[in-house]
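Have a look at input_24.cif below; it lists mmCIF, C-alpha atoms and all ligand atoms.
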data_upload
loop_
_atom_site.label_atom_id
_atom_site.label_comp_id
_atom_site.auth_asym_id
_atom_site.auth_seq_id
_atom_site.Cartn_x
_atom_site.Cartn_y
_atom_site.Cartn_z
CA MET A 1 103.37 99.38 90.65
CA ALA A 2 105.32 102.39 89.43
CA LYS A 3 105.45 102.97 85.71
CA HIS A 4 107.72 105.98 85.68
CA PRO A 5 111.42 106.57 86.34
CA GLN A 6 111.86 106.38 90.08
CA HIS A 7 114.77 108.55 91.15
CA ARG A 8 115.12 107.85 94.82
CA SER A 9 118.71 108.96 95.25
CA ILE A 10 120.85 111.91 94.28
CA GLY A 11 124.62 111.60 93.85
CA GLY A 12 124.35 108.06 95.20
CA ARG A 13 122.64 109.26 98.41
CA PRO A 14 119.08 108.13 99.09
CA MET A 15 116.69 111.06 99.38
CA HIS A 16 114.38 111.66 102.33
CA PRO A 17 110.68 110.95 101.77
CA GLU A 18 109.69 114.64 102.11
CA SER A 19 111.93 115.47 99.12
CA LEU A 20 110.07 112.95 96.97
CA MET A 21 106.46 113.84 97.83
CA MET A 22 106.15 116.39 95.02
CA SER A 23 107.38 114.22 92.15
CA TYR A 24 107.90 110.54 92.89
CA GLY A 25 106.07 108.16 90.58
CA TYR A 26 104.69 110.88 88.27
CA ASN A 27 105.88 111.65 84.74
CA PRO A 28 104.67 115.10 83.56
CA ALA A 29 105.32 114.10 79.92
CA LEU A 30 102.38 111.69 80.16
CA SER A 31 100.01 114.51 81.26
CA GLU A 32 100.66 117.46 78.91
CA GLY A 33 103.54 118.64 81.09
CA ALA A 34 101.29 119.39 84.09
CA VAL A 35 103.56 119.91 87.09
CA LYS A 36 100.92 118.34 89.30
CA CYS A 37 99.41 114.93 88.75
CA PRO A 38 95.90 115.53 87.34
CA ILE A 39 92.78 113.95 88.82
CA PHE A 40 92.11 110.90 86.68
CA GLN A 41 88.37 111.03 87.28
CA THR A 42 87.55 108.09 85.05
CA SER A 43 86.00 104.71 85.68
CA THR A 44 87.71 102.85 82.87
CA PHE A 45 90.75 103.02 80.56
CA VAL A 46 90.92 102.56 76.78
CA PHE A 47 93.13 99.63 75.69
CA GLU A 48 95.43 100.18 72.70
CA SER A 49 94.25 96.87 71.31
CA ALA A 50 92.27 93.80 72.33
CA GLU A 51 95.55 91.95 72.82
CA ALA A 52 96.79 94.67 75.21
CA GLY A 53 93.57 94.37 77.24
CA LYS A 54 93.96 90.60 77.43
CA ALA A 55 97.57 90.94 78.62
CA PHE A 56 96.59 93.47 81.32
CA PHE A 57 93.96 91.09 82.72
CA GLU A 58 96.34 88.13 82.68
CA VAL A 59 98.75 90.04 84.91
CA ALA A 60 96.12 91.74 87.10
CA TYR A 61 94.32 88.46 87.88
CA GLY A 62 97.55 86.47 88.22
CA LEU A 63 96.63 84.14 85.36
CA ARG A 64 100.30 84.13 84.33
CA PRO A 65 103.44 85.65 85.86
CA ALA A 66 104.41 89.08 84.52
CA ASN A 67 107.20 89.12 81.95
CA PRO A 68 110.39 90.95 82.98
CA GLY A 69 109.64 94.70 82.95
CA GLU A 70 105.92 94.15 82.34
CA VAL A 71 103.67 96.16 84.68
CA SER A 72 99.96 95.65 85.02
CA GLY A 73 98.34 98.23 82.76
CA LEU A 74 95.43 100.49 83.64
CA ILE A 75 92.12 98.64 83.34
CA TYR A 76 89.30 99.96 85.54
CA SER A 77 89.41 102.23 88.58
CA ARG A 78 88.31 99.51 91.02
CA LEU A 79 91.53 97.66 90.10
CA ASN A 80 93.91 100.56 89.48
CA ASN A 81 94.02 104.29 88.73
CA PRO A 82 97.02 106.65 88.34
CA ASP A 83 96.04 108.82 91.33
CA LEU A 84 95.91 105.76 93.56
CA GLU A 85 99.06 104.14 92.18
CA ILE A 86 101.18 107.28 92.52
CA LEU A 87 99.77 107.92 95.99
CA GLU A 88 100.60 104.32 96.97
CA ASP A 89 104.16 104.69 95.65
CA ARG A 90 104.65 107.87 97.69
CA LEU A 91 103.05 106.55 100.85
CA SER A 92 105.31 103.46 100.67
CA LEU A 93 108.42 105.64 101.04
CA TRP A 94 107.61 106.72 104.61
CA ASP A 95 107.36 103.19 105.99
CA ASP A 96 109.90 101.81 103.51
CA ALA A 97 107.26 99.31 102.39
CA GLU A 98 107.34 97.26 99.20
CA SER A 99 103.62 97.54 98.59
CA CYS A 100 100.73 99.79 99.55
CA ALA A 101 96.98 99.72 98.97
CA VAL A 102 94.77 102.73 99.66
CA PHE A 103 91.19 102.38 100.84
CA SER A 104 87.98 104.37 101.08
CA SER A 105 88.47 104.65 104.88
CA GLY A 106 90.70 103.50 107.71
CA MET A 107 88.00 100.98 108.62
CA ALA A 108 88.00 99.66 105.05
CA ALA A 109 91.78 99.14 105.33
CA THR A 110 91.46 97.35 108.69
CA THR A 111 88.47 95.17 107.83
CA THR A 112 89.70 94.23 104.35
CA SER A 113 93.10 93.29 105.81
CA LEU A 114 91.61 91.19 108.62
CA MET A 115 89.20 89.43 106.26
CA ALA A 116 92.04 88.67 103.87
CA TYR A 117 93.72 86.58 106.58
CA LEU A 118 91.04 85.32 108.99
CA ARG A 119 89.04 82.12 108.43
CA PRO A 120 85.98 80.77 110.29
CA GLY A 121 87.09 79.04 113.49
CA ASP A 122 90.12 81.31 113.98
CA ALA A 123 91.02 83.53 116.89
CA VAL A 124 92.43 87.04 116.55
CA ILE A 125 94.48 88.74 119.28
CA TYR A 126 94.05 92.51 119.60
CA THR A 127 95.42 95.14 121.92
CA ALA A 128 92.91 96.94 124.13
CA PRO A 129 91.71 99.64 124.21
CA ILE A 130 91.42 99.84 120.44
CA TYR A 131 89.71 102.26 118.04
CA GLY A 132 85.93 102.06 118.53
CA GLY A 133 85.20 100.93 114.97
CA SER A 134 87.82 98.17 115.18
CA ASP A 135 86.43 97.16 118.58
CA HIS A 136 82.93 96.85 117.11
CA PHE A 137 84.15 94.79 114.16
CA LEU A 138 86.08 92.45 116.49
CA HIS A 139 83.22 91.98 118.94
CA HIS A 140 80.07 92.22 116.82
CA VAL A 141 80.95 91.30 113.23
CA LEU A 142 83.74 88.70 113.42
CA PRO A 143 81.83 86.46 115.92
CA THR A 144 79.07 86.04 113.30
CA TRP A 145 81.74 84.30 111.21
CA ASN A 146 82.93 82.26 114.20
CA VAL A 147 86.09 84.28 114.76
CA GLN A 148 86.90 84.94 118.42
CA ALA A 149 88.67 88.11 119.58
CA ILE A 150 91.14 87.87 122.50
CA ALA A 151 92.29 91.06 124.23
CA MET A 152 95.84 91.92 125.26
CA PRO A 153 96.02 95.10 127.41
CA ALA A 154 98.14 97.93 125.97
CA GLY A 155 100.75 99.37 128.31
CA GLU A 156 101.66 95.94 129.69
CA ARG A 157 104.25 93.29 128.80
CA PRO A 158 102.89 90.67 126.34
CA GLU A 159 104.78 87.87 128.11
CA ALA A 160 102.77 88.54 131.29
CA HIS A 161 99.58 87.64 129.37
CA GLU A 162 100.91 84.81 127.24
CA ALA A 163 99.63 81.92 129.38
CA ALA A 164 96.14 83.44 129.62
CA ILE A 165 96.04 84.10 125.87
CA ARG A 166 97.21 80.56 125.13
CA ALA A 167 94.43 79.21 127.34
CA ALA A 168 91.85 81.46 125.63
CA LEU A 169 93.01 80.25 122.20
CA GLY A 170 92.27 76.63 123.12
CA ASP A 171 91.94 74.68 119.86
CA ARG A 172 91.44 77.71 117.66
CA PRO A 173 94.22 78.57 115.20
CA LEU A 174 95.61 82.08 115.59
CA GLY A 175 94.65 83.85 112.34
CA ALA A 176 96.03 87.36 112.88
CA VAL A 177 97.15 89.86 115.52
CA LEU A 178 95.91 93.46 115.47
CA ILE A 179 97.95 95.99 117.45
CA GLU A 180 97.14 99.64 117.98
CA THR A 181 99.95 101.62 119.57
CA PRO A 182 99.88 104.03 121.24
CA ALA A 183 96.41 103.10 122.42
CA ASN A 184 93.59 105.54 122.05
CA PRO A 185 92.85 107.58 124.18
CA THR A 186 95.30 106.74 126.96
CA ASN A 187 98.55 106.58 124.94
CA GLY A 188 99.42 103.16 126.45
CA LEU A 189 102.23 101.62 124.37
CA VAL A 190 102.48 98.13 122.93
CA ASP A 191 105.92 96.62 122.35
CA ILE A 192 105.61 95.58 118.68
CA ALA A 193 108.74 93.39 118.63
CA ALA A 194 107.61 91.53 121.78
CA MET A 195 104.14 90.99 120.28
CA VAL A 196 105.71 89.62 117.08
CA ALA A 197 107.86 87.22 119.15
CA MET A 198 104.80 86.08 121.12
CA THR A 199 102.84 85.59 117.89
CA ARG A 200 105.59 83.30 116.56
CA ARG A 201 105.23 81.19 119.74
CA LEU A 202 101.41 81.07 119.62
CA GLU A 203 100.78 80.49 115.91
CA ARG A 204 100.51 77.00 114.43
CA ALA A 205 103.42 75.59 112.46
CA ASP A 206 101.33 75.41 109.29
CA ARG A 207 99.63 78.76 109.68
CA ARG A 208 101.59 81.99 109.89
CA ALA A 209 99.59 84.69 111.70
CA PRO A 210 100.39 88.16 110.34
CA VAL A 211 100.90 91.01 112.82
CA LEU A 212 98.99 94.12 111.74
CA VAL A 213 99.73 97.47 113.38
CA ASP A 214 97.34 100.42 113.29
CA ASN A 215 99.90 103.22 113.08
CA THR A 216 97.40 106.09 112.79
CA PHE A 217 98.49 107.93 115.95
CA LEU A 218 102.26 108.25 115.41
CA GLY A 219 102.83 107.26 111.83
CA PRO A 220 104.22 107.55 109.41
CA LEU A 221 106.68 110.00 110.95
CA TRP A 222 107.22 108.92 114.54
CA GLN A 223 106.85 105.13 114.39
CA ARG A 224 107.74 102.57 111.68
CA PRO A 225 106.23 99.19 112.68
CA LEU A 226 107.72 97.22 109.75
CA GLU A 227 111.17 97.85 111.26
CA HIS A 228 110.03 96.09 114.42
CA GLY A 229 108.85 92.96 112.65
CA ALA A 230 105.21 93.82 111.86
CA ASP A 231 103.79 92.36 108.64
CA VAL A 232 101.24 95.04 107.76
CA VAL A 233 100.91 98.71 108.73
CA LEU A 234 97.40 100.18 108.75
CA TYR A 235 96.34 103.82 108.62
CA SER A 236 93.29 105.88 108.94
CA ALA A 237 94.58 108.37 106.33
CA THR A 238 91.65 110.53 107.44
CA LYS A 239 93.92 111.66 110.28
CA PHE A 240 97.53 112.89 109.92
CA ILE A 241 98.07 111.72 106.33
CA GLY A 242 95.04 113.64 105.02
CA GLY A 243 95.64 116.19 107.74
CA HIS A 244 92.98 118.77 106.86
CA SER A 245 89.80 117.05 108.17
CA ASP A 246 88.34 117.04 104.66
CA VAL A 247 88.70 113.44 103.45
CA ILE A 248 87.99 109.90 104.73
CA ALA A 249 90.65 107.43 103.60
CA GLY A 250 92.81 104.51 104.70
CA ALA A 251 95.92 102.56 103.75
CA ALA A 252 97.64 99.21 104.30
CA LEU A 253 101.36 98.65 103.66
CA GLY A 254 103.79 95.77 103.84
CA SER A 255 105.85 93.36 101.78
CA ALA A 256 104.49 92.41 98.35
CA GLU A 257 103.81 88.94 99.78
CA ALA A 258 101.92 90.19 102.86
CA MET A 259 99.93 92.65 100.76
CA ALA A 260 98.94 90.26 97.95
CA PRO A 261 95.81 88.83 99.67
CA ILE A 262 94.81 92.30 100.90
CA ARG A 263 95.15 93.91 97.45
CA GLY A 264 93.28 90.98 95.95
CA LEU A 265 90.35 91.25 98.37
CA ARG A 266 90.18 95.03 97.90
CA THR A 267 89.48 94.48 94.21
CA PHE A 268 86.50 92.25 95.00
CA LEU A 269 85.10 94.19 97.96
CA GLY A 270 85.54 97.43 96.03
CA SER A 271 86.90 99.16 99.14
CA MET A 272 89.48 101.22 97.22
CA LEU A 273 89.83 105.00 97.45
CA SER A 274 88.33 107.31 94.81
CA PRO A 275 90.61 109.21 92.36
CA MET A 276 89.58 112.60 93.77
CA ASP A 277 90.39 111.54 97.34
CA GLY A 278 93.67 110.02 96.12
CA TRP A 279 94.56 113.37 94.59
CA LEU A 280 93.68 115.17 97.85
CA LEU A 281 95.98 112.85 99.78
CA MET A 282 98.84 113.48 97.35
CA ARG A 283 98.44 117.18 98.05
CA SER A 284 98.46 116.43 101.79
CA LEU A 285 101.62 114.30 101.60
CA GLU A 286 103.63 117.31 100.38
CA THR A 287 103.22 118.95 103.82
CA LEU A 288 103.02 115.80 105.97
CA LYS A 289 106.37 116.29 107.67
CA LEU A 290 105.86 120.03 108.16
CA ARG A 291 102.42 119.54 109.70
CA MET A 292 103.32 116.62 111.94
CA THR A 293 106.49 118.33 113.15
CA ALA A 294 104.76 121.64 113.92
CA ALA A 295 101.89 119.89 115.72
CA MET A 296 104.30 117.78 117.77
CA LEU A 297 106.39 120.80 118.83
CA SER A 298 103.22 122.62 119.93
CA ALA A 299 101.90 119.54 121.71
CA GLN A 300 105.10 119.38 123.78
CA GLN A 301 104.48 122.94 124.99
CA VAL A 302 100.78 122.34 125.62
CA ALA A 303 101.59 119.15 127.54
CA ARG A 304 104.07 120.99 129.79
CA PHE A 305 101.39 123.58 130.54
CA LEU A 306 98.84 120.89 131.40
CA ARG A 307 101.36 118.92 133.48
CA ASP A 308 101.95 121.94 135.72
CA HIS A 309 98.31 123.04 135.91
CA PRO A 310 96.74 122.57 139.38
CA LYS A 311 93.35 121.50 137.93
CA VAL A 312 94.86 118.70 135.83
CA GLN A 313 94.76 115.42 137.77
CA SER A 314 96.72 113.30 135.33
CA LEU A 315 98.31 113.67 131.93
CA HIS A 316 98.86 111.03 129.25
CA TYR A 317 101.43 112.22 126.71
CA LEU A 318 104.36 110.22 125.36
CA GLY A 319 106.62 113.27 125.61
CA GLU A 320 106.02 113.34 129.38
CA LEU A 321 106.76 109.67 130.13
CA ALA A 322 109.10 109.53 133.12
CA PRO A 323 112.28 107.44 132.67
CA GLU A 324 111.09 105.16 135.48
CA HIS A 325 107.79 104.46 133.64
CA PRO A 326 107.60 100.76 132.60
CA MET A 327 106.92 101.80 128.98
CA TYR A 328 109.73 104.37 128.75
CA GLU A 329 112.15 101.83 127.30
CA VAL A 330 109.59 100.77 124.66
CA TYR A 331 109.01 104.41 123.75
CA GLN A 332 112.76 105.01 123.32
CA ARG A 333 113.21 101.91 121.17
CA GLN A 334 110.06 102.13 119.08
CA CYS A 335 109.14 105.79 118.58
CA SER A 336 111.12 108.72 117.21
CA GLY A 337 108.79 111.43 118.55
CA PRO A 338 105.84 111.81 120.95
CA GLY A 339 103.29 112.97 118.36
CA SER A 340 100.52 115.44 119.09
CA LEU A 341 97.80 113.56 120.99
CA ILE A 342 97.30 114.38 124.63
CA ALA A 343 94.76 113.08 127.13
CA PHE A 344 94.27 114.75 130.48
CA GLU A 345 91.95 114.27 133.39
CA VAL A 346 90.11 116.90 135.37
CA PRO A 347 88.43 116.29 138.76
CA GLY A 348 84.63 116.35 138.76
CA GLY A 349 83.84 113.69 136.16
CA GLU A 350 81.74 114.22 133.04
CA ALA A 351 80.20 117.50 134.22
CA ALA A 352 83.60 119.14 134.75
CA ALA A 353 85.01 117.73 131.51
CA PHE A 354 81.98 119.07 129.62
CA ARG A 355 82.40 122.52 131.20
CA VAL A 356 85.99 122.61 129.95
CA LEU A 357 84.98 121.44 126.46
CA ASN A 358 82.13 123.94 126.23
CA ALA A 359 84.38 126.81 127.32
CA LEU A 360 86.99 126.23 124.60
CA GLN A 361 87.08 129.03 122.02
CA LEU A 362 89.91 128.19 119.61
CA VAL A 363 89.92 124.40 120.05
CA LYS A 364 86.83 122.82 118.50
CA VAL A 365 84.81 120.06 120.17
CA ALA A 366 84.83 117.20 117.66
CA VAL A 367 86.03 113.65 117.31
CA SER A 368 88.80 112.75 114.83
CA LEU A 369 92.38 113.94 115.12
CA GLY A 370 95.53 114.72 113.19
CA GLY A 371 94.11 117.72 111.32
CA THR A 372 95.51 121.23 111.06
CA GLU A 373 92.95 122.43 113.64
CA SER A 374 93.05 121.40 117.29
CA LEU A 375 90.15 119.20 118.36
CA ALA A 376 89.02 118.05 121.81
CA GLU A 377 86.53 115.39 122.82
CA HIS A 378 85.27 113.32 125.77
CA PRO A 379 86.23 109.68 125.07
CA ALA A 380 83.92 108.11 127.71
CA SER A 381 80.76 109.54 126.10
CA MET A 382 81.94 109.98 122.50
CA THR A 383 84.65 107.89 120.76
CA HIS A 384 84.55 105.15 123.41
CA ALA A 385 80.83 105.28 124.31
CA ASP A 386 80.50 101.73 122.94
CA VAL A 387 83.14 100.34 125.34
CA THR A 388 81.58 98.65 128.39
CA LYS A 389 81.80 100.57 131.69
CA GLU A 390 83.95 97.75 133.03
CA ASP A 391 86.46 98.05 130.18
CA GLN A 392 86.40 101.85 130.39
CA ALA A 393 87.46 101.59 134.03
CA ARG A 394 90.04 98.90 133.27
CA TYR A 395 91.70 100.90 130.48
CA GLY A 396 91.67 104.28 132.21
CA ILE A 397 88.89 105.91 130.17
CA THR A 398 87.58 107.90 133.10
CA GLN A 399 84.64 110.34 133.19
CA GLY A 400 86.98 113.30 133.66
CA LEU A 401 89.23 112.42 130.71
CA VAL A 402 89.54 114.84 127.78
CA ARG A 403 91.41 113.95 124.57
CA LEU A 404 93.14 116.73 122.71
CA SER A 405 94.56 116.56 119.19
CA VAL A 406 96.94 119.49 118.82
CA GLY A 407 96.93 121.18 115.42
CA VAL A 408 99.15 123.82 113.84
CA GLU A 409 97.81 126.92 115.63
CA HIS A 410 100.31 128.98 117.64
CA PRO A 411 100.97 127.08 120.90
CA GLU A 412 100.59 130.26 122.98
CA ASP A 413 97.03 130.67 121.68
CA LEU A 414 96.21 127.04 122.44
CA ILE A 415 97.60 127.41 125.97
CA ALA A 416 95.61 130.63 126.50
CA ASP A 417 92.45 128.83 125.37
CA LEU A 418 93.07 125.86 127.69
CA ALA A 419 93.96 128.19 130.58
CA GLN A 420 90.62 130.03 130.36
CA ALA A 421 88.65 126.80 129.84
CA LEU A 422 90.27 125.14 132.86
CA THR A 423 88.93 127.90 135.13
CA GLN A 424 85.54 126.17 134.61
CA VAL A 425 86.60 122.94 136.37
C1 LIG A 501 89.95 107.09 112.89
C2 LIG A 501 90.66 105.85 113.19
C3 LIG A 501 90.37 104.65 112.52
C4 LIG A 501 89.26 104.55 111.50
O1 LIG A 501 89.52 105.32 110.38
P1 LIG A 501 88.36 105.91 109.41
O2 LIG A 501 89.18 106.62 108.38
O3 LIG A 501 87.51 106.80 110.24
O4 LIG A 501 87.62 104.75 108.88
C5 LIG A 501 91.11 103.54 112.81
N1 LIG A 501 92.09 103.56 113.75
C6 LIG A 501 92.39 104.68 114.42
C7 LIG A 501 93.48 104.65 115.44
C8 LIG A 501 91.69 105.85 114.18
O5 LIG A 501 91.99 106.96 114.88
#

Could you take the file, read its structure, and then write that structure out as structure tokens?
Amino acid sequence: MAKHPQHRSIGGRPMHPESLMMSYGYNPALSEGAVKCPIFQTSTFVFESAEAGKAFFEVAYGLRPANPGEVSGLIYSRLNNPDLEILEDRLSLWDDAESCAVFSSGMAATTTSLMAYLRPGDAVIYTAPIYGGSDHFLHHVLPTWNVQAIAMPAGERPEAHEAAIRAALGDRPLGAVLIETPANPTNGLVDIAAMVAMTRRLERADRRAPVLVDNTFLGPLWQRPLEHGADVVLYSATKFIGGHSDVIAGAALGSAEAMAPIRGLRTFLGSMLSPMDGWLLMRSLETLKLRMTAAMLSAQQVARFLRDHPKVQSLHYLGELAPEHPMYEVYQRQCSGPGSLIAFEVPGGEAAAFRVLNALQLVKVAVSLGGTESLAEHPASMTHADVTKEDQARYGITQGLVRLSVGVEHPEDLIADLAQALTQV
């Protein structure tokens, strides 16, 4: 949707996304020379003429194909706004996506995308465990529209579950597949390429089922699902993309074709992001790589400390996967870094986990993740409280499990904090 000169290469060499986050898609000459894109805090845009307004609507509503070089003009901030368009152009660079749509939350991105593809009578396959909000939508909202959710356990081979999933599908057409990898909170991986291949075998000939991947935990730096055959990448931009725990936002990315129904439905649900929040995310994108890299390097040190600590029963961190682990090969093929989310288990169940959480001094006890500050929480009673006890046990969400999102503090200080808190076990 870019309206401005898009220099993506220098001397014939394509530039890296981090080099483009300060300028791409923005023309200072259109904003009084401001080096930064202003906040276009406006609901509507003045047309140069009635004819111009008519032409903008024709393109925006697809009433006629755009003429060569014609871009859809600014109309109304539910349809488009410069802060959102420039943010979408920049966000697209990380996943090398043709099209991006930003949303008022990660849940808005997920639900709008699913509703754009699912129809009453369909089934949707999802990987479990999955983000609590997504789990609720799959199990409590979609059934009211006669859409059935079928689970595929993360951390296992899709082929091993194919016959059971086929049986569960019965006569229902497969409408979409929703993957979250690595799974929250246990870091179980899902082989995206294998899920795409299985989807092609399970979908009906006349009904292509898109594969959607929630890439919140590793993306956009350490995992690029579109390269593994996914159709749509989803983000809670509240997490690493926003990165400062001060904005709720989401995004969906994919080919122009895959995104067309999602962008269209966003216009009519009104689930787009606000200009102010779009501006905040543009500011965040300038330091995305710095933040995610620093947090990941610290997380590797914190994970080594936890791995060797006598009070830590088990550790779930992608950087500590042993080569003999069944998911090690998937990790090597699919991820370019382990990220900064760690889960670890202490003996003594909820009481011991709570003592550790309450003793933390630098790390704050809060849900959410991917911010500059380190946060810890107790999945069984907090983020995953809604998951049945049976599923908690099945997916390794034990009473002693603590999830830690490592921020950009000095790793020695984080380790000192964890060391003193672990004396409480
Ligand atoms: C937080 C989160 C969401 C939901 O995002 P919101 O921005 O809170 O709506 C979805 N998926 C994952 C993996 C998340 O961590």

(message) Need the shell around A:Asp96: protein/DNA/RNA residues with any atom at most 9 Å away, counting only C-alpha atoms. Skip same-chain ones fewer than 2 positions apart. Format as a PyMOL selection string?
(response) chain A and resi 91-94+98+224+226-227+254

(request) Go through the chains and note each residue within 10 Å of ligand LIG 501 (chain A), using only C-alpha atoms and all ligand atoms, then give the set as a ChimeraX atom specification. (result) /A:103-111,130-135,179-185,213-218,234-240,242,247-251,367-370,383

(request) With a distance cut-off of 12 Å and only C-alpha atoms, select the neighbouring residues of stretch 285-294 of chain A, excluding the residue or stretch itself and same-chain residues fewer than 4 positions from it, and output the selection as JSON, numbers by chain. (result) {"A": [16, 17, 18, 19, 20, 21, 22, 23, 24, 36, 86, 87, 88, 89, 90, 91, 92, 93, 94, 217, 218, 219, 220, 221, 222, 237, 239, 240, 241, 242, 243, 244, 278, 279, 280, 281, 298, 299, 300, 301, 336, 337, 338, 339, 340, 341, 369, 370, 371, 372, 373, 405, 406, 407, 408, 409, 410, 411]}

Closest atom pairs, residues of stretch 170-264 of chain A within 10 Å of stretch 144-147 of chain A, all atoms listed in the file, as CSV:
residue,atom,partner,partner_atom,distance
A:Arg172,CA,A:Val147,CA,9.0
A:Pro173,CA,A:Val147,CA,9.9
A:Leu174,CA,A:Val147,CA,9.8
A:Gly175,CA,A:Val147,CA,8.9

(request) Kindly give the distance, in Å, that separates atom CA of A:Gly188 and atom CA of A:Glu350, rounded to a single decimal. (result) 21.9 Å

(request) Identify, on the basis of only C-alpha atoms, every residue whose closest approach to stretch 47-61 of chain A does not exceed 8 Å; exclude the query and any residue fewer than 2 positions from it along the same chain; express the result as a ChimeraX atom specification. (result) /A:45,63-66,71-75

(request) For atom CA of A:Arg208 and atom CA of A:Ala116, determine how far apart the two atoms are, in Å to one decimal place. (result) 13.1 Å

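One finds atom CA of A:Asp413 at 19.6 Å from atom CA of A:Tyr317.
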
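With distances restricted to all atoms listed in the file, A:Gly400 is the closest residue to A:Ala353 from A:Gly400, A:Pro323, A:Pro120, A:Pro68.
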
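With distances restricted to all atoms listed in the file, A:Leu306 is the closest residue to A:Leu418 from A:Ile165, A:Leu306, A:Val402, A:Ala380.
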
(message) Just checking: using all atoms listed in the file, which residue out of A:Arg263, A:Asn187, A:Asn81, A:Gly69 ends up closest to A:Gly319?
(response) A:Asn187

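Ranking A:Glu70, A:Asp206, A:Glu345, A:Glu156 by their shortest atom-to-atom distance to A:Val312, with only C-alpha atoms included, puts A:Glu345 first.
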
(message) Just want the 12 Å neighbourhood of A:His325, counted on all atoms listed in the file, with same-chain residues fewer than 3 positions away dropped. Output as a PyMOL selection string.
(response) chain A and resi 155-156+188-189+316+318-322+328-332

Output the selection as a CSV table (one decimal), in the frame of the given file - C-alpha atoms for each residue.
chain,number,residue,atom,x,y,z
A,155,GLY,CA,100.8,99.4,128.3
A,156,GLU,CA,101.7,95.9,129.7
A,188,GLY,CA,99.4,103.2,126.4
A,189,LEU,CA,102.2,101.6,124.4
A,316,HIS,CA,98.9,111.0,129.2
A,318,LEU,CA,104.4,110.2,125.4
A,319,GLY,CA,106.6,113.3,125.6
A,320,GLU,CA,106.0,113.3,129.4
A,321,LEU,CA,106.8,109.7,130.1
A,322,ALA,CA,109.1,109.5,133.1
A,328,TYR,CA,109.7,104.4,128.8
A,329,GLU,CA,112.2,101.8,127.3
A,330,VAL,CA,109.6,100.8,124.7
A,331,TYR,CA,109.0,104.4,123.8
A,332,GLN,CA,112.8,105.0,123.3

(message) List as a ChimeraX atom specification the protein and nucleic acid residues near A:Ala128, meaning an atom at most 7 Å away when all atoms listed in the file are counted, but skip any in the same chain fewer than 4 places from it.
(response) /A:151-154

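The nearest approach to A:Phe354 among the residues A:Gly25, A:Pro143, A:Pro379, A:Pro326, with all atoms listed in the file taken into account, belongs to A:Pro379.
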